[in-house]
>>> print(open('input_8.cif').read())   # mmCIF, C-alpha atoms
data_query
loop_
_atom_site.label_atom_id
_atom_site.label_comp_id
_atom_site.auth_asym_id
_atom_site.auth_seq_id
_atom_site.Cartn_x
_atom_site.Cartn_y
_atom_site.Cartn_z
CA MET A 1330 102.39 56.05 -2.50
CA THR A 1331 99.68 56.38 -5.16
CA ALA A 1332 99.99 57.07 -8.87
CA SER A 1333 99.11 60.52 -10.09
CA PRO A 1334 95.98 60.88 -12.26
CA ALA A 1335 98.20 61.29 -15.33
CA THR A 1336 99.86 57.91 -14.92
CA ARG A 1337 98.57 54.33 -15.20
CA PRO A 1338 99.16 51.69 -12.54
CA ARG A 1339 102.17 49.49 -13.26
CA GLY A 1340 102.30 45.74 -13.33
CA THR A 1341 99.24 44.86 -15.44
CA ARG A 1342 100.04 42.40 -18.22
CA LEU A 1343 98.29 43.16 -21.48
CA PRO A 1344 98.12 41.47 -24.89
CA ARG A 1345 100.64 42.95 -27.32
CA LEU A 1346 98.10 44.92 -29.36
CA ALA A 1347 96.43 46.30 -26.25
CA ARG A 1348 99.81 47.32 -24.84
CA ARG A 1349 100.71 49.02 -28.12
CA ARG A 1350 97.44 50.95 -28.00
CA GLN A 1351 98.14 51.98 -24.41
CA LEU A 1352 101.60 53.23 -25.31
CA LEU A 1353 100.35 55.16 -28.33
CA ASP A 1354 97.64 56.83 -26.27
CA ALA A 1355 100.16 57.85 -23.64
CA ALA A 1356 102.55 59.14 -26.28
CA MET A 1357 99.77 61.17 -27.89
CA GLU A 1358 99.05 62.90 -24.57
CA VAL A 1359 102.71 63.73 -24.02
CA PHE A 1360 103.42 64.86 -27.59
CA VAL A 1361 100.38 67.15 -27.62
CA ALA A 1362 101.22 68.59 -24.21
CA ARG A 1363 104.99 68.96 -24.68
CA GLY A 1364 105.66 68.97 -28.40
CA TYR A 1365 107.89 66.39 -30.03
CA HIS A 1366 111.25 67.78 -29.01
CA ALA A 1367 110.39 68.34 -25.34
CA ALA A 1368 108.65 64.98 -24.94
CA ALA A 1369 110.71 62.34 -23.17
CA MET A 1370 110.47 58.57 -23.36
CA ASP A 1371 110.65 58.49 -19.54
CA GLU A 1372 107.50 60.56 -19.30
CA ILE A 1373 105.71 58.48 -21.93
CA ALA A 1374 106.56 55.29 -20.05
CA ASP A 1375 105.39 56.81 -16.77
CA ARG A 1376 102.18 58.04 -18.36
CA ALA A 1377 101.51 54.53 -19.68
CA GLY A 1378 102.46 52.92 -16.38
CA VAL A 1379 105.21 50.75 -17.85
CA SER A 1380 108.97 50.55 -17.57
CA LYS A 1381 111.19 52.03 -20.26
CA PRO A 1382 112.36 48.56 -21.39
CA VAL A 1383 108.72 47.64 -22.08
CA LEU A 1384 108.26 50.84 -24.07
CA TYR A 1385 111.42 50.16 -26.09
CA GLN A 1386 110.25 46.61 -26.83
CA HIS A 1387 107.38 48.10 -28.81
CA PHE A 1388 108.98 51.29 -30.11
CA PRO A 1389 112.78 51.51 -30.46
CA GLY A 1390 112.75 55.30 -30.29
CA LYS A 1391 110.68 58.44 -29.93
CA GLN A 1392 110.48 58.97 -33.67
CA ASP A 1393 109.00 55.48 -34.13
CA LEU A 1394 106.25 56.39 -31.66
CA TYR A 1395 105.55 59.68 -33.38
CA LEU A 1396 105.42 58.19 -36.87
CA ALA A 1397 103.07 55.43 -35.71
CA LEU A 1398 100.72 58.07 -34.33
CA LEU A 1399 101.08 60.14 -37.47
CA ASP A 1400 100.20 57.17 -39.68
CA GLU A 1401 97.06 56.53 -37.65
CA SER A 1402 96.08 60.19 -37.76
CA VAL A 1403 96.45 60.74 -41.48
CA ASP A 1404 94.68 57.44 -42.22
CA LYS A 1405 91.65 58.66 -40.23
CA LEU A 1406 91.60 61.95 -42.08
CA VAL A 1407 91.97 60.34 -45.51
CA GLU A 1408 89.17 57.89 -44.75
CA ALA A 1409 86.93 60.74 -43.58
CA VAL A 1410 87.49 62.58 -46.87
CA ALA A 1411 86.97 59.41 -48.92
CA GLU A 1412 83.73 58.67 -47.08
CA ALA A 1413 82.52 62.23 -47.68
CA ILE A 1414 83.10 61.91 -51.42
CA ARG A 1415 81.41 58.48 -51.56
CA SER A 1416 78.43 59.63 -49.52
CA THR A 1417 76.54 61.28 -52.40
CA ALA A 1418 76.55 61.90 -56.14
CA ASP A 1419 75.42 65.50 -55.65
CA ASN A 1420 78.52 67.67 -55.94
CA ARG A 1421 77.28 70.47 -53.71
CA GLN A 1422 76.62 67.92 -51.00
CA ARG A 1423 80.06 66.44 -51.66
CA VAL A 1424 81.66 69.82 -51.01
CA ASN A 1425 79.61 70.23 -47.83
CA ALA A 1426 80.50 66.72 -46.67
CA THR A 1427 84.21 67.20 -47.36
CA PHE A 1428 84.40 70.39 -45.32
CA ALA A 1429 82.33 68.73 -42.62
CA ALA A 1430 84.89 65.90 -42.58
CA TYR A 1431 87.74 68.34 -41.90
CA PHE A 1432 85.88 70.31 -39.27
CA GLY A 1433 84.63 67.10 -37.68
CA TYR A 1434 88.16 65.72 -37.54
CA VAL A 1435 89.35 68.91 -35.86
CA ALA A 1436 86.48 68.97 -33.37
CA GLU A 1437 86.68 65.30 -32.41
CA HIS A 1438 90.45 64.87 -32.57
CA SER A 1439 91.86 68.29 -31.73
CA GLY A 1440 94.97 66.79 -30.18
CA THR A 1441 95.51 64.59 -33.22
CA PHE A 1442 95.02 67.52 -35.58
CA LYS A 1443 97.64 69.54 -33.73
CA LEU A 1444 99.96 66.55 -33.85
CA VAL A 1445 99.52 66.28 -37.61
CA PHE A 1446 99.50 69.92 -38.72
CA GLU A 1447 101.05 71.95 -35.91
CA SER A 1448 103.83 69.76 -34.55
CA ASP A 1449 107.34 71.08 -33.98
CA PHE A 1450 108.56 68.01 -35.89
CA THR A 1451 106.95 68.65 -39.28
CA SER A 1452 110.28 69.64 -40.80
CA GLU A 1453 111.47 66.04 -40.46
CA PRO A 1454 111.59 64.44 -43.96
CA ALA A 1455 109.73 61.30 -42.86
CA VAL A 1456 106.93 63.46 -41.42
CA ARG A 1457 106.73 65.70 -44.48
CA ALA A 1458 106.57 62.66 -46.73
CA ARG A 1459 103.61 61.21 -44.84
CA LEU A 1460 101.71 64.50 -44.82
CA ALA A 1461 102.39 65.01 -48.52
CA ALA A 1462 101.22 61.47 -49.28
CA ALA A 1463 97.97 62.06 -47.40
CA ASP A 1464 97.39 65.31 -49.28
CA ARG A 1465 97.99 63.52 -52.58
CA VAL A 1466 95.48 60.80 -51.78
CA CYS A 1467 92.80 63.32 -50.78
CA ALA A 1468 93.56 65.53 -53.79
CA ASP A 1469 93.38 62.53 -56.12
CA LEU A 1470 89.96 61.61 -54.75
CA ILE A 1471 88.62 65.13 -55.24
CA SER A 1472 90.31 65.80 -58.58
CA GLN A 1473 88.85 62.62 -60.06
CA VAL A 1474 85.34 63.95 -59.43
CA ILE A 1475 86.26 67.39 -60.81
CA LYS A 1476 87.87 65.86 -63.90
CA GLU A 1477 84.92 63.60 -64.67
CA ASP A 1478 82.22 66.21 -64.06
CA ALA A 1479 83.86 69.36 -65.41
CA GLY A 1480 85.87 67.81 -68.22
CA LEU A 1481 89.13 69.44 -67.11
CA ALA A 1482 92.61 68.12 -67.76
CA ASP A 1483 94.35 66.13 -65.03
CA ASP A 1484 96.65 68.96 -63.96
CA GLU A 1485 93.82 71.50 -63.90
CA ALA A 1486 91.55 69.26 -61.83
CA TYR A 1487 94.37 68.43 -59.44
CA LEU A 1488 95.23 72.10 -58.92
CA LEU A 1489 91.62 72.90 -58.05
CA SER A 1490 91.49 69.97 -55.63
CA ILE A 1491 94.64 71.21 -53.88
CA GLY A 1492 93.01 74.61 -53.54
CA LEU A 1493 89.90 73.10 -51.95
CA LEU A 1494 91.99 71.02 -49.55
CA GLY A 1495 94.05 74.04 -48.57
CA MET A 1496 90.88 76.00 -47.87
CA ALA A 1497 89.55 73.17 -45.70
CA GLN A 1498 92.78 72.77 -43.73
CA VAL A 1499 93.46 76.44 -43.10
CA SER A 1500 89.88 77.31 -42.21
CA ALA A 1501 89.60 74.31 -39.90
CA ARG A 1502 92.85 75.29 -38.16
CA HIS A 1503 91.61 78.82 -37.67
CA TRP A 1504 88.28 77.57 -36.32
CA LEU A 1505 90.08 75.31 -33.86
CA ALA A 1506 91.96 78.31 -32.50
CA THR A 1507 88.73 80.32 -32.12
CA MET A 1508 86.17 77.62 -31.32
CA ASP A 1509 83.97 79.87 -29.20
CA ALA A 1510 83.47 82.41 -31.99
CA ILE A 1511 81.36 80.37 -34.47
CA PRO A 1512 79.53 77.06 -33.90
CA ARG A 1513 81.09 74.18 -35.80
CA GLU A 1514 78.17 73.52 -38.14
CA ALA A 1515 77.85 77.19 -39.02
CA ALA A 1516 81.60 77.47 -39.65
CA GLU A 1517 81.86 74.46 -41.92
CA GLN A 1518 78.77 75.50 -43.91
CA LEU A 1519 80.09 79.04 -44.28
CA VAL A 1520 83.39 77.91 -45.79
CA ALA A 1521 81.76 75.15 -47.85
CA ARG A 1522 79.44 77.77 -49.35
CA LEU A 1523 82.44 79.85 -50.37
CA ALA A 1524 84.11 76.80 -51.94
CA TRP A 1525 80.95 75.80 -53.80
CA ARG A 1526 80.51 79.29 -55.24
CA GLY A 1527 83.93 78.85 -56.83
CA ILE A 1528 83.93 75.24 -57.96
CA SER A 1529 80.37 75.37 -59.31
CA GLY A 1530 81.63 77.85 -61.92
CA TRP A 1531 82.66 74.78 -63.91
CA PRO A 1532 79.37 73.19 -65.03
CA ARG A 1533 79.04 69.44 -65.37
CA THR A 1534 79.96 68.24 -68.84
CA SER A 1535 76.65 66.36 -68.92
CA ASP A 1536 74.83 69.70 -68.50
CA GLN A 1537 76.64 71.43 -71.35
CA PRO A 1538 74.87 71.61 -74.75
CA GLU A 1539 76.28 69.54 -77.56
CA HIS A 1540 77.75 71.43 -80.51
#
>>> encode(input="input_8.cif", output="structure tokens")
Amino acid sequence: MTASPATRPRGTRLPRLARRRQLLDAAMEVFVARGYHAAAMDEIADRAGVSKPVLYQHFPGKQDLYLALLDESVDKLVEAVAEAIRSTADNRQRVNATFAAYFGYVAEHSGTFKLVFESDFTSEPAVRARLAAADRVCADLISQVIKEDAGLADDEAYLLSIGLLGMAQVSARHWLATMDAIPREAAEQLVARLAWRGISGWPRTSDQPEH
């Protein structure tokens, strides 16, 4: 009797970190395919090619698995946004890079993106808290640039940064659902151009004449 292509052979001993990675990868496949509520620990163990006791040694429950994956996912997205902002001092290029970060994350990690933003478990308080924390970190990064360059108050700069993030998230989600309609680079540049037309309405304080 041979294992199906969706399962891993049993019996291979792995270092703890490698085993954890294997279990998380298997859980990601099952969560994306089934959704959180329909996913079963039995199936995750089978997909990883381990027994349920081995799975429970690493993750006491399904929620622990999901939250571990969620933490990894939002960390990748936050780092992508941070890298985009650090990549240049030119604000138009910063806007382009930030939207490229979101669209790139969607294109390269479509399963992860669905896990983060389209899961049937996002109503869980622990999940909402992690997503909100990630949004705050990204918004803080963007609002700091807006505040320094446009001379806006903290609340004003933060509100604009939330608007930009919302535009990036919603447009990237729509693009993911209609990937054949517009090439990725064209889509991200199109939306970034729209965002820049709005945010560039606040000139840099260094460009404003002294009174």
>>> atom_distance(input="input_8.cif", atom1="atom CA of A:Trp1504", atom2="atom CA of A:Ala1368")
26.5 Å
>>> residues_around(input="input_8.cif", residues="A:Ala1524", least_positions_apart="5", cutoff="12 Å", atoms="all atoms listed in the file", output="ChimeraX atom specification")
/A:1420-1428,1489-1490,1492-1497,1500,1517-1519,1529-1530
>>> closest_residue(input="input_8.cif", among="A:Cys1467, A:Ala1397, A:Val1407, A:Ala1367", to="A:Phe1450", atoms="only C-alpha atoms")
A:Ala1367
>>> closest_atom_pairs(input="input_8.cif", of="stretch 1387-1421 of chain A", to="stretch 1453-1461 of chain A", cutoff="12 Å", atoms="only C-alpha atoms", output="JSON lines")
{"residue": "A:Gln1392", "atom": "CA", "partner": "A:Ala1455", "partner_atom": "CA", "distance": 9.5}
{"residue": "A:Asp1393", "atom": "CA", "partner": "A:Ala1455", "partner_atom": "CA", "distance": 10.5}
{"residue": "A:Tyr1395", "atom": "CA", "partner": "A:Val1456", "partner_atom": "CA", "distance": 9.0}
{"residue": "A:Leu1396", "atom": "CA", "partner": "A:Val1456", "partner_atom": "CA", "distance": 7.1}
{"residue": "A:Ala1397", "atom": "CA", "partner": "A:Val1456", "partner_atom": "CA", "distance": 10.6}
{"residue": "A:Leu1398", "atom": "CA", "partner": "A:Val1456", "partner_atom": "CA", "distance": 10.9}
{"residue": "A:Leu1399", "atom": "CA", "partner": "A:Val1456", "partner_atom": "CA", "distance": 7.8}
{"residue": "A:Asp1400", "atom": "CA", "partner": "A:Arg1459", "partner_atom": "CA", "distance": 7.4}
{"residue": "A:Glu1401", "atom": "CA", "partner": "A:Arg1459", "partner_atom": "CA", "distance": 10.8}
{"residue": "A:Ser1402", "atom": "CA", "partner": "A:Leu1460", "partner_atom": "CA", "distance": 10.0}
{"residue": "A:Val1403", "atom": "CA", "partner": "A:Leu1460", "partner_atom": "CA", "distance": 7.3}
{"residue": "A:Asp1404", "atom": "CA", "partner": "A:Arg1459", "partner_atom": "CA", "distance": 10.0}
{"residue": "A:Leu1406", "atom": "CA", "partner": "A:Leu1460", "partner_atom": "CA", "distance": 10.8}
{"residue": "A:Val1407", "atom": "CA", "partner": "A:Leu1460", "partner_atom": "CA", "distance": 10.6}
>>> residues_around(input="input_8.cif", residues="stretch 1343-1357 of chain A", least_positions_apart="6", cutoff="6 Å", atoms="all atoms listed in the file", output="VMD selection string")
chain A and resid 1373 1376 to 1377
>>> residues_around(input="input_8.cif", residues="A:Ala1516", least_positions_apart="6", cutoff="12 Å", atoms="all atoms listed in the file", output="VMD selection string")
chain A and resid 1425 1428 to 1429 1431 to 1433 1436 1497 1500 to 1505 1507 to 1510 1522 to 1523
>>> axis_aligned_box(input="input_8.cif", around="stretch 1494-1503 of chain A", padding_each_side="4 Å", output="lines of an AutoDock Vina configuration file")
center_x = 91.8
center_y = 74.9
center_z = -43.6
size_x = 12.5
size_y = 15.8
size_z = 19.9
>>> atom_distance(input="input_8.cif", atom1="atom CA of A:Tyr1487", atom2="atom CA of A:Lys1443")
25.9 Å
>>> closest_residue(input="input_8.cif", among="A:Ala1468, A:Leu1444, A:Val1435, A:Ala1482", to="A:Gln1498", atoms="all atoms listed in the file")
A:Val1435
>>> atom_distance(input="input_8.cif", atom1="atom CA of A:Gln1473", atom2="atom CA of A:Ala1521")
18.9 Å
>>> resolve_selection(input="input_8.cif", expression="the PyMOL selection byres ((chain A and resi 1476) around 12)", output="number ranges by chain")
A: 1468-1475, 1477-1490, 1528, 1531-1534
>>> closest_residue(input="input_8.cif", among="A:Val1466, A:Val1445, A:Val1359, A:Ile1511", to="A:Ala1374", atoms="all atoms listed in the file")
A:Val1359
>>> build_atoms(input="input_8.cif", residues="stretch 1474-1498 of chain A", atoms="N, CA and C atoms", output="short mmCIF file (atom, residue, chain, number, x, y, z; two decimals), in the frame of the given file")
data_model
loop_
_atom_site.label_atom_id
_atom_site.label_comp_id
_atom_site.auth_asym_id
_atom_site.auth_seq_id
_atom_site.Cartn_x
_atom_site.Cartn_y
_atom_site.Cartn_z
N VAL A 1474 86.72 63.49 -59.27
CA VAL A 1474 85.34 63.95 -59.43
C VAL A 1474 85.30 65.20 -60.30
N ILE A 1475 86.22 66.15 -60.03
CA ILE A 1475 86.26 67.39 -60.81
C ILE A 1475 86.54 67.09 -62.29
N LYS A 1476 87.50 66.20 -62.52
CA LYS A 1476 87.87 65.86 -63.90
C LYS A 1476 86.69 65.24 -64.64
N GLU A 1477 86.02 64.30 -64.01
CA GLU A 1477 84.92 63.60 -64.67
C GLU A 1477 83.73 64.53 -64.92
N ASP A 1478 83.43 65.39 -63.95
CA ASP A 1478 82.22 66.21 -64.06
C ASP A 1478 82.42 67.49 -64.85
N ALA A 1479 83.62 68.08 -64.75
CA ALA A 1479 83.86 69.36 -65.41
C ALA A 1479 84.63 69.22 -66.72
N GLY A 1480 85.15 68.02 -66.98
CA GLY A 1480 85.87 67.81 -68.22
C GLY A 1480 87.21 68.52 -68.30
N LEU A 1481 87.84 68.75 -67.14
CA LEU A 1481 89.13 69.44 -67.11
C LEU A 1481 90.27 68.44 -67.28
N ALA A 1482 91.41 68.96 -67.65
CA ALA A 1482 92.61 68.12 -67.76
C ALA A 1482 93.06 67.69 -66.37
N ASP A 1483 93.90 66.66 -66.31
CA ASP A 1483 94.35 66.13 -65.03
C ASP A 1483 95.00 67.20 -64.16
N ASP A 1484 95.93 67.94 -64.74
CA ASP A 1484 96.65 68.96 -63.96
C ASP A 1484 95.72 70.06 -63.47
N GLU A 1485 94.76 70.45 -64.30
CA GLU A 1485 93.82 71.50 -63.90
C GLU A 1485 92.94 71.02 -62.76
N ALA A 1486 92.41 69.81 -62.88
CA ALA A 1486 91.55 69.26 -61.83
C ALA A 1486 92.32 69.08 -60.52
N TYR A 1487 93.57 68.65 -60.64
CA TYR A 1487 94.37 68.43 -59.44
C TYR A 1487 94.66 69.75 -58.74
N LEU A 1488 94.96 70.80 -59.51
CA LEU A 1488 95.23 72.10 -58.92
C LEU A 1488 94.01 72.63 -58.16
N LEU A 1489 92.83 72.47 -58.74
CA LEU A 1489 91.62 72.90 -58.05
C LEU A 1489 91.40 72.09 -56.78
N SER A 1490 91.68 70.81 -56.82
CA SER A 1490 91.49 69.97 -55.63
C SER A 1490 92.45 70.37 -54.52
N ILE A 1491 93.68 70.73 -54.88
CA ILE A 1491 94.64 71.21 -53.88
C ILE A 1491 94.15 72.50 -53.25
N GLY A 1492 93.56 73.37 -54.07
CA GLY A 1492 93.01 74.61 -53.54
C GLY A 1492 91.88 74.36 -52.55
N LEU A 1493 91.00 73.42 -52.86
CA LEU A 1493 89.90 73.10 -51.95
C LEU A 1493 90.43 72.50 -50.64
N LEU A 1494 91.41 71.61 -50.76
CA LEU A 1494 91.99 71.02 -49.55
C LEU A 1494 92.66 72.07 -48.69
N GLY A 1495 93.40 72.98 -49.32
CA GLY A 1495 94.05 74.04 -48.57
C GLY A 1495 93.04 74.90 -47.84
N MET A 1496 91.94 75.21 -48.50
CA MET A 1496 90.88 76.00 -47.87
C MET A 1496 90.32 75.26 -46.66
N ALA A 1497 90.10 73.96 -46.80
CA ALA A 1497 89.55 73.17 -45.70
C ALA A 1497 90.52 73.12 -44.52
N GLN A 1498 91.79 72.88 -44.80
CA GLN A 1498 92.78 72.77 -43.73
C GLN A 1498 92.98 74.08 -42.99
#
